[in-house]
$ cat coords_23.cif   # mmCIF, N, CA and C atoms
data_final
loop_
_atom_site.label_atom_id
_atom_site.label_comp_id
_atom_site.auth_asym_id
_atom_site.auth_seq_id
_atom_site.Cartn_x
_atom_site.Cartn_y
_atom_site.Cartn_z
N MET A 1 -9.56 140.24 120.15
CA MET A 1 -9.48 138.82 119.90
C MET A 1 -8.26 138.19 120.57
N PRO A 2 -7.06 138.80 120.50
CA PRO A 2 -5.93 138.19 121.20
C PRO A 2 -6.13 138.10 122.72
N LEU A 3 -6.86 139.07 123.29
CA LEU A 3 -7.11 139.01 124.72
C LEU A 3 -8.00 137.82 125.07
N GLN A 4 -8.98 137.54 124.24
CA GLN A 4 -9.83 136.38 124.47
C GLN A 4 -9.03 135.09 124.35
N GLN A 5 -8.14 135.03 123.38
CA GLN A 5 -7.32 133.85 123.21
C GLN A 5 -6.36 133.68 124.38
N THR A 6 -5.85 134.78 124.92
CA THR A 6 -4.98 134.72 126.08
C THR A 6 -5.74 134.16 127.28
N LEU A 7 -6.99 134.58 127.46
CA LEU A 7 -7.79 134.04 128.55
C LEU A 7 -8.05 132.54 128.37
N ARG A 8 -8.24 132.11 127.13
CA ARG A 8 -8.41 130.67 126.88
C ARG A 8 -7.15 129.90 127.26
N HIS A 9 -5.97 130.45 126.89
CA HIS A 9 -4.71 129.80 127.25
C HIS A 9 -4.53 129.77 128.77
N GLN A 10 -4.90 130.86 129.44
CA GLN A 10 -4.77 130.92 130.89
C GLN A 10 -5.71 129.91 131.55
N HIS A 11 -6.91 129.80 131.05
CA HIS A 11 -7.87 128.83 131.60
C HIS A 11 -7.33 127.41 131.47
N THR A 12 -6.76 127.09 130.33
CA THR A 12 -6.18 125.76 130.11
C THR A 12 -5.00 125.53 131.05
N ALA A 13 -4.17 126.55 131.24
CA ALA A 13 -3.01 126.42 132.12
C ALA A 13 -3.43 126.15 133.56
N PHE A 14 -4.44 126.88 134.05
CA PHE A 14 -4.89 126.65 135.41
C PHE A 14 -5.62 125.32 135.54
N ALA A 15 -6.37 124.92 134.53
CA ALA A 15 -7.04 123.62 134.57
C ALA A 15 -6.01 122.49 134.65
N ASN A 16 -4.92 122.61 133.88
CA ASN A 16 -3.86 121.61 133.94
C ASN A 16 -3.16 121.62 135.30
N PHE A 17 -2.98 122.81 135.89
CA PHE A 17 -2.34 122.91 137.20
C PHE A 17 -3.19 122.22 138.26
N PHE A 18 -4.49 122.54 138.31
CA PHE A 18 -5.35 121.97 139.34
C PHE A 18 -5.59 120.48 139.14
N ALA A 19 -5.43 120.00 137.91
CA ALA A 19 -5.56 118.56 137.64
C ALA A 19 -4.26 117.81 137.92
N GLY A 20 -3.19 118.54 138.24
CA GLY A 20 -1.91 117.91 138.56
C GLY A 20 -1.06 117.56 137.36
N ARG A 21 -1.39 118.09 136.19
CA ARG A 21 -0.64 117.79 134.98
C ARG A 21 0.47 118.78 134.68
N ALA A 22 0.50 119.91 135.42
CA ALA A 22 1.50 120.95 135.12
C ALA A 22 1.81 121.74 136.39
N LYS A 23 2.86 122.57 136.30
CA LYS A 23 3.21 123.45 137.40
C LYS A 23 2.33 124.70 137.36
N TYR A 24 2.44 125.53 138.39
CA TYR A 24 1.67 126.76 138.46
C TYR A 24 2.03 127.68 137.29
N PRO A 25 1.05 128.25 136.59
CA PRO A 25 1.35 129.13 135.45
C PRO A 25 2.11 130.38 135.88
N ARG A 26 3.06 130.80 135.05
CA ARG A 26 3.86 131.98 135.33
C ARG A 26 3.60 133.04 134.27
N PHE A 27 3.86 134.29 134.64
CA PHE A 27 3.72 135.38 133.69
C PHE A 27 4.87 135.34 132.69
N LYS A 28 4.61 135.77 131.48
CA LYS A 28 5.66 135.87 130.47
C LYS A 28 6.50 137.10 130.71
N SER A 29 7.77 136.99 130.46
CA SER A 29 8.68 138.12 130.61
C SER A 29 8.54 139.06 129.41
N ARG A 30 8.59 140.35 129.67
CA ARG A 30 8.49 141.32 128.57
C ARG A 30 9.77 141.35 127.74
N GLY A 31 10.87 140.82 128.28
CA GLY A 31 12.13 140.81 127.55
C GLY A 31 12.25 139.63 126.60
N ALA A 32 11.33 138.69 126.68
CA ALA A 32 11.37 137.52 125.81
C ALA A 32 10.51 137.76 124.57
N LYS A 33 10.43 136.76 123.72
CA LYS A 33 9.61 136.86 122.51
C LYS A 33 8.14 137.03 122.89
N GLN A 34 7.45 137.94 122.25
CA GLN A 34 6.04 138.18 122.50
C GLN A 34 5.23 137.65 121.33
N SER A 35 4.06 137.12 121.63
CA SER A 35 3.23 136.59 120.55
C SER A 35 1.76 136.83 120.85
N ALA A 36 0.98 136.89 119.79
CA ALA A 36 -0.47 137.04 119.88
C ALA A 36 -1.11 136.06 118.91
N HIS A 37 -2.18 135.40 119.36
CA HIS A 37 -2.88 134.42 118.55
C HIS A 37 -4.17 135.03 118.02
N TYR A 38 -4.38 134.94 116.73
CA TYR A 38 -5.60 135.45 116.10
C TYR A 38 -6.35 134.29 115.48
N THR A 39 -7.64 134.15 115.83
CA THR A 39 -8.46 133.10 115.22
C THR A 39 -9.02 133.59 113.90
N ARG A 40 -9.74 132.73 113.22
CA ARG A 40 -10.21 132.98 111.86
C ARG A 40 -11.00 134.29 111.72
N SER A 41 -11.78 134.65 112.73
CA SER A 41 -12.61 135.84 112.61
C SER A 41 -11.84 137.13 112.84
N ALA A 42 -10.55 137.05 113.19
CA ALA A 42 -9.80 138.25 113.52
C ALA A 42 -8.70 138.59 112.53
N PHE A 43 -8.62 137.86 111.43
CA PHE A 43 -7.60 138.19 110.43
C PHE A 43 -8.12 137.87 109.03
N ARG A 44 -7.43 138.46 108.04
CA ARG A 44 -7.76 138.20 106.63
C ARG A 44 -6.45 138.08 105.87
N LEU A 45 -6.33 137.03 105.10
CA LEU A 45 -5.13 136.77 104.31
C LEU A 45 -5.54 136.80 102.84
N ARG A 46 -5.18 137.89 102.16
CA ARG A 46 -5.51 138.05 100.74
C ARG A 46 -4.33 138.62 100.00
N ASP A 47 -4.07 138.07 98.83
CA ASP A 47 -3.02 138.56 97.93
C ASP A 47 -1.67 138.69 98.64
N GLY A 48 -1.37 137.76 99.54
CA GLY A 48 -0.09 137.79 100.23
C GLY A 48 0.03 138.84 101.31
N GLU A 49 -1.08 139.45 101.71
CA GLU A 49 -1.09 140.46 102.77
C GLU A 49 -1.93 139.97 103.93
N LEU A 50 -1.45 140.19 105.14
CA LEU A 50 -2.13 139.78 106.35
C LEU A 50 -2.70 141.02 107.04
N THR A 51 -4.02 141.10 107.10
CA THR A 51 -4.70 142.21 107.77
C THR A 51 -5.31 141.67 109.06
N LEU A 52 -4.95 142.29 110.18
CA LEU A 52 -5.45 141.86 111.48
C LEU A 52 -6.59 142.77 111.93
N ALA A 53 -7.41 142.26 112.85
CA ALA A 53 -8.52 143.04 113.39
C ALA A 53 -7.99 144.27 114.11
N LYS A 54 -8.70 145.36 114.02
CA LYS A 54 -8.38 146.62 114.67
C LYS A 54 -7.13 147.30 114.11
N GLN A 55 -6.68 146.90 112.93
CA GLN A 55 -5.54 147.55 112.30
C GLN A 55 -5.93 148.01 110.91
N SER A 56 -5.49 149.20 110.55
CA SER A 56 -5.89 149.77 109.26
C SER A 56 -5.00 149.31 108.12
N ARG A 57 -3.73 149.01 108.41
CA ARG A 57 -2.80 148.61 107.36
C ARG A 57 -2.42 147.14 107.50
N PRO A 58 -2.12 146.47 106.40
CA PRO A 58 -1.67 145.07 106.49
C PRO A 58 -0.27 144.97 107.08
N LEU A 59 0.03 143.81 107.66
CA LEU A 59 1.35 143.56 108.23
C LEU A 59 2.30 143.02 107.18
N ALA A 60 3.57 143.25 107.39
CA ALA A 60 4.59 142.64 106.54
C ALA A 60 4.63 141.15 106.88
N LEU A 61 4.54 140.32 105.89
CA LEU A 61 4.43 138.87 106.09
C LEU A 61 5.73 138.20 105.68
N VAL A 62 6.26 137.35 106.56
CA VAL A 62 7.45 136.56 106.26
C VAL A 62 7.01 135.12 106.15
N TRP A 63 7.09 134.54 104.96
CA TRP A 63 6.65 133.17 104.71
C TRP A 63 7.87 132.26 104.68
N SER A 64 7.88 131.22 105.51
CA SER A 64 9.06 130.38 105.71
C SER A 64 9.11 129.13 104.84
N TRP A 65 8.04 128.83 104.14
CA TRP A 65 7.99 127.59 103.36
C TRP A 65 7.79 127.91 101.88
N PRO A 66 8.87 127.99 101.09
CA PRO A 66 8.74 128.37 99.69
C PRO A 66 8.03 127.31 98.84
N GLU A 67 8.02 126.05 99.28
CA GLU A 67 7.37 125.01 98.49
C GLU A 67 5.84 125.00 98.66
N VAL A 68 5.31 125.75 99.62
CA VAL A 68 3.87 125.83 99.85
C VAL A 68 3.36 127.16 99.31
N ASP A 69 2.32 127.08 98.47
CA ASP A 69 1.74 128.29 97.89
C ASP A 69 0.86 128.99 98.92
N LEU A 70 1.16 130.24 99.21
CA LEU A 70 0.43 131.01 100.21
C LEU A 70 -1.02 131.26 99.80
N ALA A 71 -1.28 131.41 98.51
CA ALA A 71 -2.63 131.69 98.04
C ALA A 71 -3.56 130.48 98.17
N ALA A 72 -3.00 129.27 98.25
CA ALA A 72 -3.81 128.06 98.33
C ALA A 72 -4.20 127.70 99.76
N LEU A 73 -3.70 128.42 100.74
CA LEU A 73 -3.96 128.09 102.14
C LEU A 73 -5.24 128.73 102.65
N ASP A 74 -5.86 128.06 103.63
CA ASP A 74 -7.03 128.59 104.33
C ASP A 74 -6.80 128.39 105.83
N PRO A 75 -5.93 129.22 106.47
CA PRO A 75 -5.57 128.98 107.87
C PRO A 75 -6.72 129.29 108.83
N THR A 76 -6.74 128.58 109.96
CA THR A 76 -7.74 128.81 110.99
C THR A 76 -7.20 129.66 112.12
N MET A 77 -5.86 129.78 112.24
CA MET A 77 -5.25 130.60 113.28
C MET A 77 -3.93 131.17 112.77
N VAL A 78 -3.63 132.37 113.22
CA VAL A 78 -2.38 133.03 112.88
C VAL A 78 -1.72 133.46 114.18
N VAL A 79 -0.42 133.20 114.30
CA VAL A 79 0.35 133.63 115.46
C VAL A 79 1.31 134.71 114.99
N VAL A 80 1.17 135.90 115.55
CA VAL A 80 2.04 137.02 115.24
C VAL A 80 3.02 137.15 116.40
N SER A 81 4.32 137.13 116.08
CA SER A 81 5.32 137.19 117.14
C SER A 81 6.31 138.31 116.87
N ARG A 82 6.94 138.76 117.96
CA ARG A 82 7.93 139.82 117.88
C ARG A 82 9.12 139.41 118.75
N GLU A 83 10.29 139.52 118.19
CA GLU A 83 11.52 139.20 118.90
C GLU A 83 11.89 140.37 119.83
N PRO A 84 12.70 140.13 120.87
CA PRO A 84 13.06 141.21 121.80
C PRO A 84 13.80 142.38 121.14
N ASP A 85 14.50 142.12 120.04
CA ASP A 85 15.24 143.20 119.39
C ASP A 85 14.38 144.01 118.42
N GLY A 86 13.07 143.71 118.36
CA GLY A 86 12.17 144.49 117.54
C GLY A 86 11.75 143.79 116.31
#

$ encode --input "coords_23.cif" --output "structure tokens"
Amino acid sequence: MPLQQTLRHQHTAFANFFAGRAKYPRFKSRGAKQSAHYTRSAFRLRDGELTLAKQSRPLALVWSWPEVDLAALDPTMVVVSREPDG
């Protein structure tokens, strides 16, 4: 699923380039922050645990908004990111 989303982002980047709205798309550096986008069919959020497609164990979830109840949300996309230091 993240590979499909990456292709969608790449298609949009090239469409914007050829339409004159943006510069030529560049590759992301491996030393910078890495991220993957998961659409609704590729993740499950239950009981405060995030389970992604093709993974057997849930991920550790860091929630940044204490005033918003995590159980009441129904997200359509999840972005998983990793900082260069791990």

$ select_by_dssp --input "coords_23.cif" --residues "chain A" --states "alpha helix (DSSP H)" --output "PyMOL selection string"
chain A and resi 2-18

$ resolve_selection --input "coords_23.cif" --expression "the PyMOL selection byres ((chain A and resi 25) around 8)" --output "ChimeraX atom specification"
/A:10,13-14,16-17,22-24,26-28

$ select_by_dssp --input "coords_23.cif" --residues "stretch 20-75 of chain A" --states "strand (DSSP E or B)" --output "tab-separated table (two decimals) with N, CA and C atoms, in the coordinates of the input"
chain	number	residue	atom	x	y	z
A	34	GLN	N	7.45	137.94	122.25
A	34	GLN	CA	6.04	138.18	122.50
A	34	GLN	C	5.23	137.65	121.33
A	35	SER	N	4.06	137.12	121.63
A	35	SER	CA	3.23	136.59	120.55
A	35	SER	C	1.76	136.83	120.85
A	36	ALA	N	0.98	136.89	119.79
A	36	ALA	CA	-0.47	137.04	119.88
A	36	ALA	C	-1.11	136.06	118.91
A	37	HIS	N	-2.18	135.40	119.36
A	37	HIS	CA	-2.88	134.42	118.55
A	37	HIS	C	-4.17	135.03	118.02
A	38	TYR	N	-4.38	134.94	116.73
A	38	TYR	CA	-5.60	135.45	116.10
A	38	TYR	C	-6.35	134.29	115.48
A	39	THR	N	-7.64	134.15	115.83
A	39	THR	CA	-8.46	133.10	115.22
A	39	THR	C	-9.02	133.59	113.90
A	43	PHE	N	-8.62	137.86	111.43
A	43	PHE	CA	-7.60	138.19	110.43
A	43	PHE	C	-8.12	137.87	109.03
A	44	ARG	N	-7.43	138.46	108.04
A	44	ARG	CA	-7.76	138.20	106.63
A	44	ARG	C	-6.45	138.08	105.87
A	45	LEU	N	-6.33	137.03	105.10
A	45	LEU	CA	-5.13	136.77	104.31
A	45	LEU	C	-5.54	136.80	102.84
A	46	ARG	N	-5.18	137.89	102.16
A	46	ARG	CA	-5.51	138.05	100.74
A	46	ARG	C	-4.33	138.62	100.00
A	49	GLU	N	-1.08	139.45	101.71
A	49	GLU	CA	-1.09	140.46	102.77
A	49	GLU	C	-1.93	139.97	103.93
A	50	LEU	N	-1.45	140.19	105.14
A	50	LEU	CA	-2.13	139.78	106.35
A	50	LEU	C	-2.70	141.02	107.04
A	51	THR	N	-4.02	141.10	107.10
A	51	THR	CA	-4.70	142.21	107.77
A	51	THR	C	-5.31	141.67	109.06
A	52	LEU	N	-4.95	142.29	110.18
A	52	LEU	CA	-5.45	141.86	111.48
A	52	LEU	C	-6.59	142.77	111.93
A	59	LEU	N	0.03	143.81	107.66
A	59	LEU	CA	1.35	143.56	108.23
A	59	LEU	C	2.30	143.02	107.18

$ residues_around --input "coords_23.cif" --residues "A:Glu49" --least-positions-apart "4" --cutoff "7 Å" --atoms "only N, CA and C atoms" --output "ChimeraX atom specification"
/A:44-45,58-59,61

$ atom_distance --input "coords_23.cif" --atom1 "atom CA of A:Glu83" --atom2 "atom CA of A:Ala60"
14.6 Å

$ resolve_selection --input "coords_23.cif" --expression "the PyMOL selection byres (((chain A and resi 42 and name CA) around 8) and name CA)" --output "number ranges by chain"
A: 1, 38-41, 43-44, 52-53

$ axis_aligned_box --input "coords_23.cif" --around "stretch 29-48 of chain A" --padding-each-side "6 Å" --output "JSON"
{"center_x": -0.2, "center_y": 137.0, "center_z": 114.3, "size_x": 36.9, "size_y": 20.6, "size_z": 44.7}

$ atom_distance --input "coords_23.cif" --atom1 "atom CA of A:Thr6" --atom2 "atom CA of A:Gly48"
26.5 Å

$ atom_distance --input "coords_23.cif" --atom1 "atom CA of A:His9" --atom2 "atom CA of A:Ala72"
29.0 Å

$ closest_residue --input "coords_23.cif" --among "A:Lys54, A:Arg8, A:Lys33, A:Arg46" --to "A:Arg82" --atoms "only N, CA and C atoms"
A:Lys33

$ closest_residue --input "coords_23.cif" --among "A:Phe18, A:Asp47, A:Ser56, A:His11" --to "A:Ala71" --atoms "all atoms listed in the file"
A:Asp47

$ decode --input "coords_23.cif" --residues "stretch 8-21 of chain A" --atoms "N, CA and C atoms" --output "PDB file, in the first residue's frame"
ATOM      1  N   ARG A   8       1.344   7.443  -6.460  1.00  0.00           N
ATOM      2  CA  ARG A   8       0.357   8.526  -6.601  1.00  0.00           C
ATOM      3  C   ARG A   8       1.009   9.884  -6.370  1.00  0.00           C
ATOM      4  N   HIS A   9       1.862   9.973  -5.328  1.00  0.00           N
ATOM      5  CA  HIS A   9       2.573  11.225  -5.057  1.00  0.00           C
ATOM      6  C   HIS A   9       3.503  11.587  -6.212  1.00  0.00           C
ATOM      7  N   GLN A  10       4.185  10.585  -6.770  1.00  0.00           N
ATOM      8  CA  GLN A  10       5.094  10.832  -7.879  1.00  0.00           C
ATOM      9  C   GLN A  10       4.320  11.300  -9.113  1.00  0.00           C
ATOM     10  N   HIS A  11       3.187  10.694  -9.370  1.00  0.00           N
ATOM     11  CA  HIS A  11       2.359  11.097 -10.512  1.00  0.00           C
ATOM     12  C   HIS A  11       1.920  12.552 -10.364  1.00  0.00           C
ATOM     13  N   THR A  12       1.507  12.936  -9.177  1.00  0.00           N
ATOM     14  CA  THR A  12       1.094  14.316  -8.924  1.00  0.00           C
ATOM     15  C   THR A  12       2.266  15.275  -9.095  1.00  0.00           C
ATOM     16  N   ALA A  13       3.444  14.875  -8.622  1.00  0.00           N
ATOM     17  CA  ALA A  13       4.633  15.727  -8.738  1.00  0.00           C
ATOM     18  C   ALA A  13       5.000  15.962 -10.198  1.00  0.00           C
ATOM     19  N   PHE A  14       4.979  14.905 -11.015  1.00  0.00           N
ATOM     20  CA  PHE A  14       5.303  15.082 -12.425  1.00  0.00           C
ATOM     21  C   PHE A  14       4.211  15.846 -13.161  1.00  0.00           C
ATOM     22  N   ALA A  15       2.955  15.626 -12.805  1.00  0.00           N
ATOM     23  CA  ALA A  15       1.869  16.389 -13.428  1.00  0.00           C
ATOM     24  C   ALA A  15       2.021  17.878 -13.135  1.00  0.00           C
ATOM     25  N   ASN A  16       2.384  18.220 -11.896  1.00  0.00           N
ATOM     26  CA  ASN A  16       2.604  19.621 -11.544  1.00  0.00           C
ATOM     27  C   ASN A  16       3.817  20.187 -12.279  1.00  0.00           C
ATOM     28  N   PHE A  17       4.866  19.379 -12.456  1.00  0.00           N
ATOM     29  CA  PHE A  17       6.055  19.834 -13.172  1.00  0.00           C
ATOM     30  C   PHE A  17       5.727  20.141 -14.630  1.00  0.00           C
ATOM     31  N   PHE A  18       5.055  19.215 -15.313  1.00  0.00           N
ATOM     32  CA  PHE A  18       4.758  19.412 -16.728  1.00  0.00           C
ATOM     33  C   PHE A  18       3.722  20.504 -16.955  1.00  0.00           C
ATOM     34  N   ALA A  19       2.913  20.797 -15.943  1.00  0.00           N
ATOM     35  CA  ALA A  19       1.945  21.893 -16.054  1.00  0.00           C
ATOM     36  C   ALA A  19       2.575  23.238 -15.712  1.00  0.00           C
ATOM     37  N   GLY A  20       3.833  23.237 -15.259  1.00  0.00           N
ATOM     38  CA  GLY A  20       4.530  24.478 -14.950  1.00  0.00           C
ATOM     39  C   GLY A  20       4.258  25.020 -13.564  1.00  0.00           C
ATOM     40  N   ARG A  21       3.672  24.216 -12.688  1.00  0.00           N
ATOM     41  CA  ARG A  21       3.351  24.666 -11.332  1.00  0.00           C
ATOM     42  C   ARG A  21       4.433  24.357 -10.315  1.00  0.00           C
TER      43      ARG A  21
END
